[in-house]
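Structure file coords.tsv (TSV, C-alpha atoms) follows.
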chain	number	residue	atom	x	y	z
F	1	MET	CA	-29.02	4.12	-19.09
F	2	ARG	CA	-26.47	1.98	-17.36
F	3	ALA	CA	-23.28	3.19	-15.77
F	4	ARG	CA	-20.57	0.66	-15.07
F	5	VAL	CA	-18.28	1.60	-12.22
F	6	PHE	CA	-14.98	-0.25	-11.83
F	7	VAL	CA	-13.29	0.23	-8.46
F	8	THR	CA	-9.70	-0.92	-7.89
F	9	LEU	CA	-7.03	-0.28	-5.33
F	10	LYS	CA	-4.73	2.58	-6.31
F	11	GLN	CA	-1.48	1.56	-7.99
F	12	SER	CA	0.42	2.80	-4.93
F	13	VAL	CA	-1.56	0.46	-2.64
F	14	PHE	CA	-0.43	-3.15	-2.24
F	15	ASP	CA	-3.16	-5.60	-3.31
F	16	PRO	CA	-2.57	-8.89	-1.47
F	17	GLN	CA	-5.59	-10.56	-3.09
F	18	GLY	CA	-4.50	-9.64	-6.61
F	19	THR	CA	-0.98	-10.87	-5.87
F	20	THR	CA	-2.32	-14.19	-4.62
F	21	VAL	CA	-4.48	-14.59	-7.74
F	22	ALA	CA	-1.46	-13.83	-9.93
F	23	GLU	CA	0.56	-16.50	-8.09
F	24	ALA	CA	-2.27	-19.02	-8.64
F	25	LEU	CA	-2.30	-18.19	-12.36
F	26	HIS	CA	1.45	-18.74	-12.49
F	27	THR	CA	0.92	-22.15	-10.86
F	28	LEU	CA	-1.54	-22.91	-13.65
F	29	GLY	CA	1.17	-22.12	-16.17
F	30	TYR	CA	0.15	-18.60	-17.19
F	31	ALA	CA	3.62	-17.15	-16.95
F	32	SER	CA	2.63	-14.29	-19.26
F	33	VAL	CA	0.30	-12.83	-16.60
F	34	LYS	CA	2.55	-10.22	-15.05
F	35	ASP	CA	0.19	-8.61	-12.58
F	36	VAL	CA	-3.37	-8.92	-11.26
F	37	ARG	CA	-5.35	-6.20	-9.52
F	38	GLN	CA	-8.58	-7.30	-7.89
F	39	GLY	CA	-11.45	-4.84	-7.68
F	40	LYS	CA	-15.19	-4.34	-7.51
F	41	TYR	CA	-17.69	-3.86	-10.30
F	42	PHE	CA	-21.02	-2.02	-10.00
F	43	GLU	CA	-23.86	-1.67	-12.52
F	44	LEU	CA	-25.99	1.40	-11.89
F	45	ASP	CA	-29.23	1.67	-13.85
F	46	ILE	CA	-29.87	5.39	-13.85
F	47	ASP	CA	-33.00	7.14	-15.01
F	48	ALA	CA	-31.55	10.17	-16.77
F	49	ALA	CA	-31.92	11.88	-20.14
F	50	THR	CA	-28.31	12.50	-21.07
F	51	VAL	CA	-24.99	10.71	-20.87
F	52	ASP	CA	-23.59	13.69	-19.00
F	53	GLU	CA	-26.24	13.34	-16.32
F	54	VAL	CA	-25.59	9.58	-15.98
F	55	ASN	CA	-21.88	10.31	-15.67
F	56	ARG	CA	-22.52	12.99	-13.07
F	57	VAL	CA	-24.69	10.73	-10.89
F	58	ALA	CA	-22.30	7.77	-11.22
F	59	LYS	CA	-19.32	9.95	-10.33
F	60	GLU	CA	-21.08	11.31	-7.26
F	61	ALA	CA	-22.04	7.78	-6.20
F	62	ALA	CA	-18.46	6.61	-6.62
F	63	ASP	CA	-17.00	9.59	-4.74
F	64	LYS	CA	-19.45	9.39	-1.86
F	65	LEU	CA	-19.87	5.65	-1.42
F	66	LEU	CA	-18.66	3.09	-3.97
F	67	ALA	CA	-14.96	3.90	-3.65
F	68	ASN	CA	-12.86	4.94	-0.67
F	69	PRO	CA	-10.58	7.68	-2.04
F	70	VAL	CA	-7.87	6.88	0.51
F	71	ILE	CA	-7.13	3.50	-1.07
F	72	GLU	CA	-9.21	3.15	-4.23
F	73	SER	CA	-9.66	4.73	-7.64
F	74	TYR	CA	-12.49	4.15	-10.10
F	75	ARG	CA	-13.43	4.30	-13.76
F	76	ILE	CA	-16.91	4.86	-15.21
F	77	GLU	CA	-18.33	3.61	-18.50
F	78	VAL	CA	-21.79	4.63	-19.70
F	79	ASP	CA	-23.72	2.19	-21.86
F	80	THR	CA	-26.52	3.99	-23.68
F	81	ALA	CA	-27.89	0.75	-25.18
F	82	GLN	CA	-28.51	-0.90	-21.84
F	83	THR	CA	-31.81	-0.52	-20.03
F	84	GLU	CA	-32.98	-1.94	-16.74
F	85	LYS	CA	-34.63	-4.83	-18.64
F	86	VAL	CA	-31.25	-6.40	-19.23
F	87	ARG	CA	-30.52	-8.22	-16.01
M	1	MET	CA	-20.77	7.84	34.70
M	2	LYS	CA	-22.33	6.28	31.66
M	3	PHE	CA	-21.03	4.37	28.67
M	4	ALA	CA	-23.06	4.22	25.44
M	5	ILE	CA	-22.34	1.17	23.29
M	6	VAL	CA	-23.67	1.52	19.76
M	7	VAL	CA	-25.24	-1.61	18.29
M	8	PHE	CA	-25.15	-1.94	14.51
M	9	PRO	CA	-26.79	-4.87	12.71
M	10	GLY	CA	-23.87	-7.30	12.77
M	11	SER	CA	-22.10	-5.94	15.86
M	12	ASN	CA	-20.94	-8.90	17.95
M	13	CYS	CA	-18.72	-7.41	20.66
M	14	ASP	CA	-21.36	-4.99	21.95
M	15	HIS	CA	-22.21	-7.17	24.93
M	16	ASP	CA	-18.55	-7.70	25.77
M	17	ALA	CA	-18.06	-3.93	25.97
M	18	HIS	CA	-21.29	-3.55	27.97
M	19	TYR	CA	-20.16	-6.29	30.37
M	20	ALA	CA	-16.74	-4.68	30.85
M	21	ALA	CA	-18.28	-1.30	31.64
M	22	GLU	CA	-21.16	-2.48	33.81
M	23	HIS	CA	-20.04	-5.68	35.52
M	24	VAL	CA	-16.27	-5.32	35.68
M	25	LEU	CA	-16.09	-1.56	36.28
M	26	GLY	CA	-19.46	-1.07	37.97
M	27	GLN	CA	-20.41	1.84	35.74
M	28	GLN	CA	-23.67	2.57	33.97
M	29	ALA	CA	-23.79	1.25	30.42
M	30	GLU	CA	-26.48	1.27	27.76
M	31	LEU	CA	-26.71	-0.44	24.40
M	32	ILE	CA	-27.89	2.07	21.80
M	33	TRP	CA	-29.45	0.80	18.55
M	34	HIS	CA	-27.94	2.33	15.44
M	35	LYS	CA	-31.30	3.81	14.38
M	36	ASP	CA	-31.58	5.76	17.61
M	37	THR	CA	-30.86	9.47	17.39
M	38	SER	CA	-29.78	10.06	20.98
M	39	LEU	CA	-26.78	8.92	23.00
M	40	LYS	CA	-28.98	9.24	26.08
M	41	GLY	CA	-26.67	11.37	28.16
M	42	ALA	CA	-23.62	9.13	27.87
M	43	ASP	CA	-20.20	10.36	28.95
M	44	VAL	CA	-18.28	7.90	26.76
M	45	VAL	CA	-19.24	6.32	23.43
M	46	VAL	CA	-17.98	2.91	22.28
M	47	LEU	CA	-18.33	1.65	18.72
M	48	PRO	CA	-17.91	-2.10	19.22
M	49	GLY	CA	-16.38	-4.86	17.14
M	50	GLY	CA	-18.25	-7.10	14.75
M	51	PHE	CA	-19.36	-6.98	11.16
M	52	ALA	CA	-21.71	-4.01	10.87
M	53	HIS	CA	-24.01	-4.46	7.88
M	54	GLY	CA	-22.15	-7.66	7.03
M	55	ASP	CA	-19.06	-5.66	6.00
M	56	TYR	CA	-20.89	-5.13	2.68
M	57	LEU	CA	-19.09	-2.85	0.22
M	58	ARG	CA	-16.23	-2.16	2.64
M	59	THR	CA	-15.86	-2.62	6.38
M	60	GLY	CA	-17.69	0.21	8.11
M	61	ALA	CA	-18.79	1.80	4.84
M	62	ILE	CA	-22.55	1.41	5.39
M	63	ALA	CA	-22.50	1.91	9.18
M	64	ARG	CA	-21.40	5.48	8.76
M	65	PHE	CA	-24.86	6.29	7.37
M	66	SER	CA	-26.67	4.98	10.46
M	67	PRO	CA	-28.74	7.73	12.13
M	68	ILE	CA	-26.84	7.43	15.42
M	69	MET	CA	-23.59	8.35	13.65
M	70	GLN	CA	-24.76	11.97	13.32
M	71	GLU	CA	-24.94	12.08	17.11
M	72	VAL	CA	-21.62	10.30	17.51
M	73	LYS	CA	-20.02	12.87	15.22
M	74	ARG	CA	-21.59	15.75	17.15
M	75	PHE	CA	-20.43	14.16	20.44
M	76	ALA	CA	-16.89	13.74	19.07
M	77	ASP	CA	-16.76	17.27	17.65
M	78	ALA	CA	-17.79	18.59	21.08
M	79	GLY	CA	-14.80	16.80	22.64
M	80	GLY	CA	-16.58	13.71	23.99
M	81	PRO	CA	-14.50	10.52	24.33
M	82	VAL	CA	-15.21	8.01	21.53
M	83	LEU	CA	-13.58	4.59	21.32
M	84	GLY	CA	-13.79	2.45	18.15
M	85	ILE	CA	-12.77	-1.16	18.64
M	86	CYS	CA	-11.94	-3.30	15.58
M	87	ASN	CA	-15.02	-2.88	13.36
M	88	GLY	CA	-15.74	0.28	15.37
M	89	PHE	CA	-12.30	1.58	14.33
M	90	GLN	CA	-13.16	0.76	10.70
M	91	VAL	CA	-16.45	2.70	11.08
M	92	LEU	CA	-14.56	5.72	12.48
M	93	LEU	CA	-12.23	5.63	9.45
M	94	GLU	CA	-15.09	5.43	6.95
M	95	ALA	CA	-16.95	8.18	8.81
M	96	GLY	CA	-13.91	10.44	8.55
M	97	LEU	CA	-13.57	10.78	12.32
M	98	LEU	CA	-10.11	9.26	12.02
M	99	PRO	CA	-7.75	9.44	9.01
M	100	GLY	CA	-6.75	6.50	6.80
M	101	ALA	CA	-8.33	3.24	5.65
M	102	MET	CA	-8.11	-0.51	6.17
M	103	LEU	CA	-6.76	-3.01	3.67
M	104	ARG	CA	-7.07	-6.78	3.74
M	105	ASN	CA	-4.47	-8.36	6.05
M	106	ASP	CA	-1.26	-8.89	4.08
M	107	SER	CA	-1.38	-12.61	4.92
M	108	LEU	CA	-4.99	-12.76	3.61
M	109	HIS	CA	-5.77	-14.70	6.80
M	110	PHE	CA	-8.38	-13.76	9.35
M	111	ARG	CA	-6.12	-13.44	12.39
M	112	CYS	CA	-7.66	-14.48	15.69
M	113	GLU	CA	-5.08	-14.62	18.47
M	114	HIS	CA	-3.52	-12.72	21.35
M	115	VAL	CA	-0.97	-10.07	20.39
M	116	TYR	CA	1.19	-7.60	22.27
M	117	VAL	CA	0.37	-3.94	21.95
M	118	LYS	CA	2.38	-1.05	23.28
M	119	VAL	CA	0.56	2.01	24.58
M	120	GLU	CA	2.66	4.83	23.14
M	121	GLN	CA	0.54	7.80	24.18
M	122	THR	CA	-1.16	8.30	27.51
M	123	ASP	CA	-2.76	11.68	26.88
M	124	THR	CA	-5.99	10.24	25.49
M	125	PRO	CA	-9.14	9.43	27.49
M	126	PHE	CA	-8.62	5.72	26.85
M	127	THR	CA	-4.96	5.42	27.82
M	128	LEU	CA	-4.30	7.88	30.61
M	129	ALA	CA	-4.31	5.12	33.24
M	130	CYS	CA	-2.21	2.78	31.04
M	131	SER	CA	1.50	2.20	31.33
M	132	PRO	CA	3.70	2.55	28.25
M	133	SER	CA	6.43	0.43	29.84
M	134	ARG	CA	4.71	-2.97	29.75
M	135	PRO	CA	3.01	-4.11	26.52
M	136	LEU	CA	-0.63	-5.17	26.79
M	137	ARG	CA	-1.51	-8.73	25.85
M	138	ILE	CA	-4.92	-8.50	24.21
M	139	PRO	CA	-6.70	-10.42	21.45
M	140	ILE	CA	-7.24	-9.48	17.84
M	141	ALA	CA	-9.87	-10.96	15.51
M	142	HIS	CA	-9.93	-9.38	12.07
M	143	GLY	CA	-9.39	-9.92	8.37
M	144	GLU	CA	-8.95	-6.27	7.50
M	145	GLY	CA	-6.71	-4.53	10.00
M	146	ASN	CA	-3.93	-3.56	7.63
M	147	TYR	CA	-3.90	0.16	8.37
M	148	TYR	CA	-3.05	2.36	5.41
M	149	ALA	CA	-2.83	6.10	4.83
M	150	GLU	CA	-0.96	8.28	2.36
M	151	PRO	CA	2.69	8.84	3.38
M	152	ASP	CA	2.09	12.49	4.31
M	153	VAL	CA	-0.84	11.47	6.54
M	154	VAL	CA	1.26	8.81	8.30
M	155	ALA	CA	4.08	11.32	8.75
M	156	ARG	CA	1.63	13.76	10.33
M	157	LEU	CA	0.24	11.04	12.64
M	158	GLU	CA	3.76	10.23	13.82
M	159	LYS	CA	4.75	13.87	14.24
M	160	ASN	CA	1.61	14.72	16.22
M	161	ARG	CA	1.96	11.58	18.39
M	162	GLN	CA	-1.36	10.25	17.14
M	163	VAL	CA	-0.16	6.65	16.93
M	164	VAL	CA	-1.52	5.52	20.28
M	165	PHE	CA	-1.01	1.74	19.97
M	166	ARG	CA	1.65	-0.25	18.13
M	167	TYR	CA	2.13	-3.99	17.65
M	168	VAL	CA	5.25	-5.14	19.49
M	169	ASP	CA	6.71	-8.43	20.71
M	170	ALA	CA	6.41	-9.65	24.31
M	171	THR	CA	9.40	-7.55	25.33
M	172	GLY	CA	8.00	-4.38	23.78
M	173	GLN	CA	10.20	-4.36	20.67
M	174	ARG	CA	8.62	-3.05	17.47
M	175	LEU	CA	9.47	-5.85	15.03
M	176	PRO	CA	7.94	-6.77	11.67
M	177	ASP	CA	7.14	-10.25	13.03
M	178	ALA	CA	5.02	-8.72	15.79
M	179	ASN	CA	2.74	-7.15	13.19
M	180	PRO	CA	-0.26	-9.46	12.52
M	181	ASN	CA	-1.68	-7.69	9.49
M	182	GLY	CA	0.92	-5.63	7.62
M	183	SER	CA	-0.23	-2.24	8.94
M	184	LEU	CA	2.06	0.71	8.23
M	185	ASN	CA	4.63	1.32	10.99
M	186	ASN	CA	3.06	-1.52	13.05
M	187	ILE	CA	0.11	0.78	13.77
M	188	ALA	CA	-2.55	-0.90	15.93
M	189	GLY	CA	-4.49	2.22	16.90
M	190	ILE	CA	-4.58	5.97	16.45
M	191	CYS	CA	-6.34	9.07	17.75
M	192	ASN	CA	-7.62	12.24	16.11
M	193	ASP	CA	-6.01	15.70	16.32
M	194	ALA	CA	-8.02	16.58	19.41
M	195	ARG	CA	-7.08	13.18	20.95
M	196	ASN	CA	-10.65	12.44	22.16
M	197	VAL	CA	-11.44	9.93	19.38
M	198	VAL	CA	-9.43	6.70	19.56
M	199	GLY	CA	-9.61	3.63	17.31
M	200	LEU	CA	-7.74	0.35	17.58
M	201	MET	CA	-7.95	-3.11	16.03
M	202	PRO	CA	-7.22	-5.20	19.19
M	203	HIS	CA	-10.09	-5.96	21.58
M	204	PRO	CA	-9.51	-4.56	25.11
M	205	GLU	CA	-13.12	-5.45	26.05
M	206	ARG	CA	-12.29	-9.12	25.57
M	207	ALA	CA	-9.39	-8.86	28.01
M	208	CYS	CA	-10.90	-7.41	31.17
M	209	GLU	CA	-10.85	-10.43	33.48
M	210	LEU	CA	-8.12	-12.99	34.15
M	211	ALA	CA	-10.74	-15.73	33.70
M	212	VAL	CA	-10.66	-15.04	29.94
M	213	GLY	CA	-6.88	-15.14	29.76
M	214	SER	CA	-5.91	-11.52	30.23
M	215	ALA	CA	-7.08	-8.43	32.08
M	216	ASP	CA	-4.70	-6.11	30.23
M	217	GLY	CA	-7.54	-4.35	28.41
M	218	LEU	CA	-9.20	-3.15	31.59
M	219	GLY	CA	-6.85	-0.19	31.89
M	220	MET	CA	-8.41	1.37	28.82
M	221	PHE	CA	-11.87	1.35	30.37
M	222	GLU	CA	-10.47	2.54	33.71
M	223	SER	CA	-8.82	5.35	31.79
M	224	ALA	CA	-12.17	6.45	30.41
M	225	VAL	CA	-13.70	6.46	33.91
M	226	LYS	CA	-10.75	8.48	35.23
M	227	ALA	CA	-10.88	10.91	32.30
M	228	VAL	CA	-14.57	11.62	32.83
M	229	SER	CA	-14.35	11.84	36.64
M	230	GLU	CA	-11.43	14.25	36.43
M	231	GLY	CA	-13.22	16.36	33.87
M	232	ALA	CA	-10.62	15.71	31.19
M	233	PHE	CA	-12.20	15.36	27.76
M	234	ALA	CA	-15.57	16.38	29.13
M	235	HIS	CA	-17.79	17.31	26.23
M	236	SER	CA	-20.24	20.16	26.00
M	237	ARG	CA	-23.72	18.75	25.63

The structure in this file should be written as C-alpha cells.
Amino acid sequence: MRARVFVTLKQSVFDPQGTTVAEALHTLGYASVKDVRQGKYFELDIDAATVDEVNRVAKEAADKLLANPVIESYRIEVDTAQTEKVR
Amino acid sequence: MKFAIVVFPGSNCDHDAHYAAEHVLGQQAELIWHKDTSLKGADVVVLPGGFAHGDYLRTGAIARFSPIMQEVKRFADAGGPVLGICNGFQVLLEAGLLPGAMLRNDSLHFRCEHVYVKVEQTDTPFTLACSPSRPLRIPIAHGEGNYYAEPDVVARLEKNRQVVFRYVDATGQRLPDANPNGSLNNIAGICNDARNVVGLMPHPERACELAVGSADGLGMFESAVKAVSEGAFAHSR
C-alpha cells in the first residue's frame, strides 16, 4: 500500500517561499489566491497487511525523519489501491 | 591538545577548520570521516560548514544518522566542547544537541558576506577568550540560517543566557538591518544548558588570518585551547 505524507511548515511559522509564490501568482493576475504554503510530498510504498499498519509506519517515519516537529506538521493519506508498480 | 573535525559527505569548510587549528594555532588536528566510530582522543570536536548529504530533506537531517554522531553525542553528554559552524550548527539542531530549527533566510537569498557578531556570553569553551565589547567581523555563507524556536524555548534561551552570538551593526547595536537572515532576536549562535555545545551560523574558521580579510574568528579557537588547557569543560572519557 502507498502512504502519502504531506509536510508543511506550521501555521505559526513564517513561510518566505510560500509568500513569494503567492506574490508571483498575484503578478499573474490570480488575485483570488489569498495564501500559499510550500511543503514537501513523500510517497512511501509500504509492505503491510492493514491500513492501520501502513498508517503506523508512515507516522513513525514522519515523526522520526520526514518532518521536523519544531517547524513542520504533516498529514498522512493511505491509498489502498496503489501498489509499487505504479511509478 | 587535539581538535577533531568531522567530515560529512558534502562538508566544505573542514579543511578551513583544520588549517585554523593546526597551522594558525599550532595544535594537533585530525579530520574524522563521518563513518568512523571514534573521535580518536580529541579534546575538542568541530562540526564544520558545508552541505552534508547535499542538504537533502532538510539541512543536517541526514547527517545526524552518521555513525560518528553517536560518539559526538556521547562526547557532548560527558561535557566535551563541541562547536558546530554553519551546517555543523544545523546538524546539532537536527541531532537535538541544541534546541530549535533553521528556516530559509527571510530574503530567500543565499547570503555570502561579512557580518558583525557580538559575543554576548564568555562562559563557553569557544568564547572565554573573546571580548563582548567589540563585535567580531566574520563571514556568513548560508541560505538557511533563519533561527526559529517556539516562543517558550526562545524565552528560556534568553533567560539562561544561552544566546552566545547576536548579529549587530559595526558599532555593536542590535538592529533589524544587521540581521542577514531573519533569525529570532538576531540570534547568530547559541549554546546548550551545560554550555559545552555551541553552534553558530557565521564562520570563525574563515576569519583566522588578516590575509583573508579578518582574524576576528581566531579568538574562538584560542578560547577552546584555553578552556582545555585550564581544565574547564574537560570531558570524562

Expected answer as a PyMOL selection string: chain M residues within 10 Å of chain F, all atoms listed in the file = chain M and resi 57-58+61-62+94+99-108+148-150

Create the file for the chosen residues now, containing C-alpha atoms and written as a tab-separated table (two decimals), keeping the file's coordinate frame.
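File produced: result33.tsv:
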chain	number	residue	atom	x	y	z
M	57	LEU	CA	-19.09	-2.85	0.22
M	58	ARG	CA	-16.23	-2.16	2.64
M	61	ALA	CA	-18.79	1.80	4.84
M	62	ILE	CA	-22.55	1.41	5.39
M	94	GLU	CA	-15.09	5.43	6.95
M	99	PRO	CA	-7.75	9.44	9.01
M	100	GLY	CA	-6.75	6.50	6.80
M	101	ALA	CA	-8.33	3.24	5.65
M	102	MET	CA	-8.11	-0.51	6.17
M	103	LEU	CA	-6.76	-3.01	3.67
M	104	ARG	CA	-7.07	-6.78	3.74
M	105	ASN	CA	-4.47	-8.36	6.05
M	106	ASP	CA	-1.26	-8.89	4.08
M	107	SER	CA	-1.38	-12.61	4.92
M	108	LEU	CA	-4.99	-12.76	3.61
M	148	TYR	CA	-3.05	2.36	5.41
M	149	ALA	CA	-2.83	6.10	4.83
M	150	GLU	CA	-0.96	8.28	2.36

Would you kindly return, as a list in words, each protein, DNA or RNA residue with an atom no farther than 12 Å from any atom of Asp36 (chain M), considering all atoms listed in the file and excluding same-chain residues fewer than 5 positions away?
->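 In the requested form, the answer reads Ala4, Ile5, Val6, Val7, Phe8, Leu31, Ser66, Pro67, Ile68, Met69, Gln70, Glu71 and Val72 of chain M.
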
Could you pull out every residue with an atom within 12 Å of (10.2, -4.2, 16.6), file coordinates, counting all atoms listed in the file, and send them as a short mmCIF file (atom, residue, chain, number, x, y, z; two decimals) with C-alpha atoms, in the frame of the given file?
data_model
loop_
_atom_site.label_atom_id
_atom_site.label_comp_id
_atom_site.auth_asym_id
_atom_site.auth_seq_id
_atom_site.Cartn_x
_atom_site.Cartn_y
_atom_site.Cartn_z
CA TYR M 116 1.19 -7.60 22.27
CA VAL M 117 0.37 -3.94 21.95
CA LYS M 118 2.38 -1.05 23.28
CA ARG M 166 1.65 -0.25 18.13
CA TYR M 167 2.13 -3.99 17.65
CA VAL M 168 5.25 -5.14 19.49
CA ASP M 169 6.71 -8.43 20.71
CA ALA M 170 6.41 -9.65 24.31
CA THR M 171 9.40 -7.55 25.33
CA GLY M 172 8.00 -4.38 23.78
CA GLN M 173 10.20 -4.36 20.67
CA ARG M 174 8.62 -3.05 17.47
CA LEU M 175 9.47 -5.85 15.03
CA PRO M 176 7.94 -6.77 11.67
CA ASP M 177 7.14 -10.25 13.03
CA ALA M 178 5.02 -8.72 15.79
CA ASN M 179 2.74 -7.15 13.19
CA ASN M 185 4.63 1.32 10.99
CA ASN M 186 3.06 -1.52 13.05
CA ILE M 187 0.11 0.78 13.77
#

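Nearest residue to Leu93 (chain M) among M:Phe126, M:Tyr56, M:Phe110, M:Tyr147 is M:Tyr147, counting all atoms listed in the file.
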
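The two atoms in question, CA of Leu136 (chain M) and CA of Ala29 (chain M), are spaced 24.3 Å apart.
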
Distance CA of Val33 (chain F)-CA of Thr19 (chain F), one decimal place?
->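 Value for the CA of Val33 (chain F)-CA of Thr19 (chain F) distance: 11.0 Å.
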
At what distance in Å, to one decimal, does CA of Val7 (chain F) lie from CA of Ala49 (chain F)?
->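 Going from CA of Ala49 (chain F) over to CA of Val7 (chain F) covers 24.9 Å.
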
Pick out the residues sitting within 12 Å of Glu222 (chain M), and hand them over as a list in words; count only C-alpha atoms, and ignore anything fewer than 6 positions along from it in its own chain.
->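 Within the cut-off, the hits are Met1, Phe3, Ala20, Ala21, Glu22, Val24, Leu25, Gly26, Gln27, Val44, Pro125, Phe126, Thr127, Leu128, Ala129, Cys130, Pro204, Glu205, Cys208, Ala215, Asp216, Val228 and Ser229 of chain M.
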
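Candidate residues M:Asp77, M:Glu30, M:Asp16, M:Glu230 were compared for distance to Ala194 (chain M), and the nearest is M:Asp77, using only C-alpha atoms.
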
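Nearest to Tyr74 (chain F) of all the residues F:Val54, F:Ile46, F:Thr27, F:Gly39 is F:Gly39, counting only C-alpha atoms.
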
Show which residues sit within 10 Å of Leu25 (chain F), as a ChimeraX atom specification. Count only C-alpha atoms, and ignore same-chain residues fewer than 6 positions away.
-> /F:19,31-36

Let's have the selection written as a PDB file, keeping the file's coordinate frame, with C-alpha atoms.
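Written file, part-v3.pdb:
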ATOM      1  CA  THR F  19      -0.980 -10.870  -5.870  1.00  0.00           C
ATOM      2  CA  ALA F  31       3.620 -17.150 -16.950  1.00  0.00           C
ATOM      3  CA  SER F  32       2.630 -14.290 -19.260  1.00  0.00           C
ATOM      4  CA  VAL F  33       0.300 -12.830 -16.600  1.00  0.00           C
ATOM      5  CA  LYS F  34       2.550 -10.220 -15.050  1.00  0.00           C
ATOM      6  CA  ASP F  35       0.190  -8.610 -12.580  1.00  0.00           C
ATOM      7  CA  VAL F  36      -3.370  -8.920 -11.260  1.00  0.00           C
TER       8      VAL F  36
END

Identify, on the basis of only C-alpha atoms, every residue whose closest approach to Val78 (chain F) does not exceed 8 Å; exclude the query and any residue fewer than 5 positions from it along the same chain; express the result as an MDAnalysis selection string.
-> chainID F and resid 1:4 51 54:55

Please return region 88-107 of chain M, rebuilt to N, CA and C atoms, as a PDB file, keeping the file's coordinate frame.
ATOM      1  N   GLY M  88     -15.443  -1.098  14.960  1.00  0.00           N
ATOM      2  CA  GLY M  88     -15.740   0.280  15.370  1.00  0.00           C
ATOM      3  C   GLY M  88     -14.675   1.242  14.875  1.00  0.00           C
ATOM      4  N   PHE M  89     -13.416   0.805  14.880  1.00  0.00           N
ATOM      5  CA  PHE M  89     -12.300   1.580  14.330  1.00  0.00           C
ATOM      6  C   PHE M  89     -12.532   1.772  12.822  1.00  0.00           C
ATOM      7  N   GLN M  90     -12.922   0.683  12.153  1.00  0.00           N
ATOM      8  CA  GLN M  90     -13.160   0.760  10.700  1.00  0.00           C
ATOM      9  C   GLN M  90     -14.300   1.739  10.398  1.00  0.00           C
ATOM     10  N   VAL M  91     -15.326   1.753  11.262  1.00  0.00           N
ATOM     11  CA  VAL M  91     -16.450   2.700  11.080  1.00  0.00           C
ATOM     12  C   VAL M  91     -15.936   4.138  11.242  1.00  0.00           C
ATOM     13  N   LEU M  92     -15.095   4.373  12.257  1.00  0.00           N
ATOM     14  CA  LEU M  92     -14.560   5.720  12.480  1.00  0.00           C
ATOM     15  C   LEU M  92     -13.745   6.199  11.277  1.00  0.00           C
ATOM     16  N   LEU M  93     -13.010   5.274  10.635  1.00  0.00           N
ATOM     17  CA  LEU M  93     -12.230   5.630   9.450  1.00  0.00           C
ATOM     18  C   LEU M  93     -13.155   5.999   8.296  1.00  0.00           C
ATOM     19  N   GLU M  94     -14.161   5.170   8.055  1.00  0.00           N
ATOM     20  CA  GLU M  94     -15.090   5.430   6.950  1.00  0.00           C
ATOM     21  C   GLU M  94     -15.892   6.708   7.200  1.00  0.00           C
ATOM     22  N   ALA M  95     -16.167   6.987   8.473  1.00  0.00           N
ATOM     23  CA  ALA M  95     -16.950   8.180   8.810  1.00  0.00           C
ATOM     24  C   ALA M  95     -16.096   9.444   8.773  1.00  0.00           C
ATOM     25  N   GLY M  96     -14.792   9.279   8.606  1.00  0.00           N
ATOM     26  CA  GLY M  96     -13.910  10.440   8.550  1.00  0.00           C
ATOM     27  C   GLY M  96     -13.585  11.024   9.909  1.00  0.00           C
ATOM     28  N   LEU M  97     -13.911  10.297  10.981  1.00  0.00           N
ATOM     29  CA  LEU M  97     -13.570  10.780  12.320  1.00  0.00           C
ATOM     30  C   LEU M  97     -12.117  10.480  12.662  1.00  0.00           C
ATOM     31  N   LEU M  98     -11.535   9.538  11.928  1.00  0.00           N
ATOM     32  CA  LEU M  98     -10.110   9.260  12.020  1.00  0.00           C
ATOM     33  C   LEU M  98      -9.575   9.145  10.595  1.00  0.00           C
ATOM     34  N   PRO M  99      -8.297   9.493  10.366  1.00  0.00           N
ATOM     35  CA  PRO M  99      -7.750   9.440   9.010  1.00  0.00           C
ATOM     36  C   PRO M  99      -7.277   8.033   8.618  1.00  0.00           C
ATOM     37  N   GLY M 100      -7.291   7.754   7.300  1.00  0.00           N
ATOM     38  CA  GLY M 100      -6.750   6.500   6.800  1.00  0.00           C
ATOM     39  C   GLY M 100      -7.828   5.514   6.390  1.00  0.00           C
ATOM     40  N   ALA M 101      -7.406   4.285   6.099  1.00  0.00           N
ATOM     41  CA  ALA M 101      -8.330   3.240   5.650  1.00  0.00           C
ATOM     42  C   ALA M 101      -7.730   1.879   5.975  1.00  0.00           C
ATOM     43  N   MET M 102      -8.576   0.858   5.903  1.00  0.00           N
ATOM     44  CA  MET M 102      -8.110  -0.510   6.170  1.00  0.00           C
ATOM     45  C   MET M 102      -8.024  -1.307   4.885  1.00  0.00           C
ATOM     46  N   LEU M 103      -6.915  -2.057   4.763  1.00  0.00           N
ATOM     47  CA  LEU M 103      -6.760  -3.010   3.670  1.00  0.00           C
ATOM     48  C   LEU M 103      -6.866  -4.411   4.245  1.00  0.00           C
ATOM     49  N   ARG M 104      -7.103  -5.383   3.351  1.00  0.00           N
ATOM     50  CA  ARG M 104      -7.070  -6.780   3.740  1.00  0.00           C
ATOM     51  C   ARG M 104      -5.716  -7.091   4.382  1.00  0.00           C
ATOM     52  N   ASN M 105      -5.725  -7.945   5.421  1.00  0.00           N
ATOM     53  CA  ASN M 105      -4.470  -8.360   6.050  1.00  0.00           C
ATOM     54  C   ASN M 105      -3.493  -8.847   4.987  1.00  0.00           C
ATOM     55  N   ASP M 106      -2.220  -8.516   5.133  1.00  0.00           N
ATOM     56  CA  ASP M 106      -1.260  -8.890   4.080  1.00  0.00           C
ATOM     57  C   ASP M 106      -1.147 -10.402   3.927  1.00  0.00           C
ATOM     58  N   SER M 107      -1.437 -11.145   4.995  1.00  0.00           N
ATOM     59  CA  SER M 107      -1.380 -12.610   4.920  1.00  0.00           C
ATOM     60  C   SER M 107      -2.622 -13.183   4.246  1.00  0.00           C
TER      61      SER M 107
END
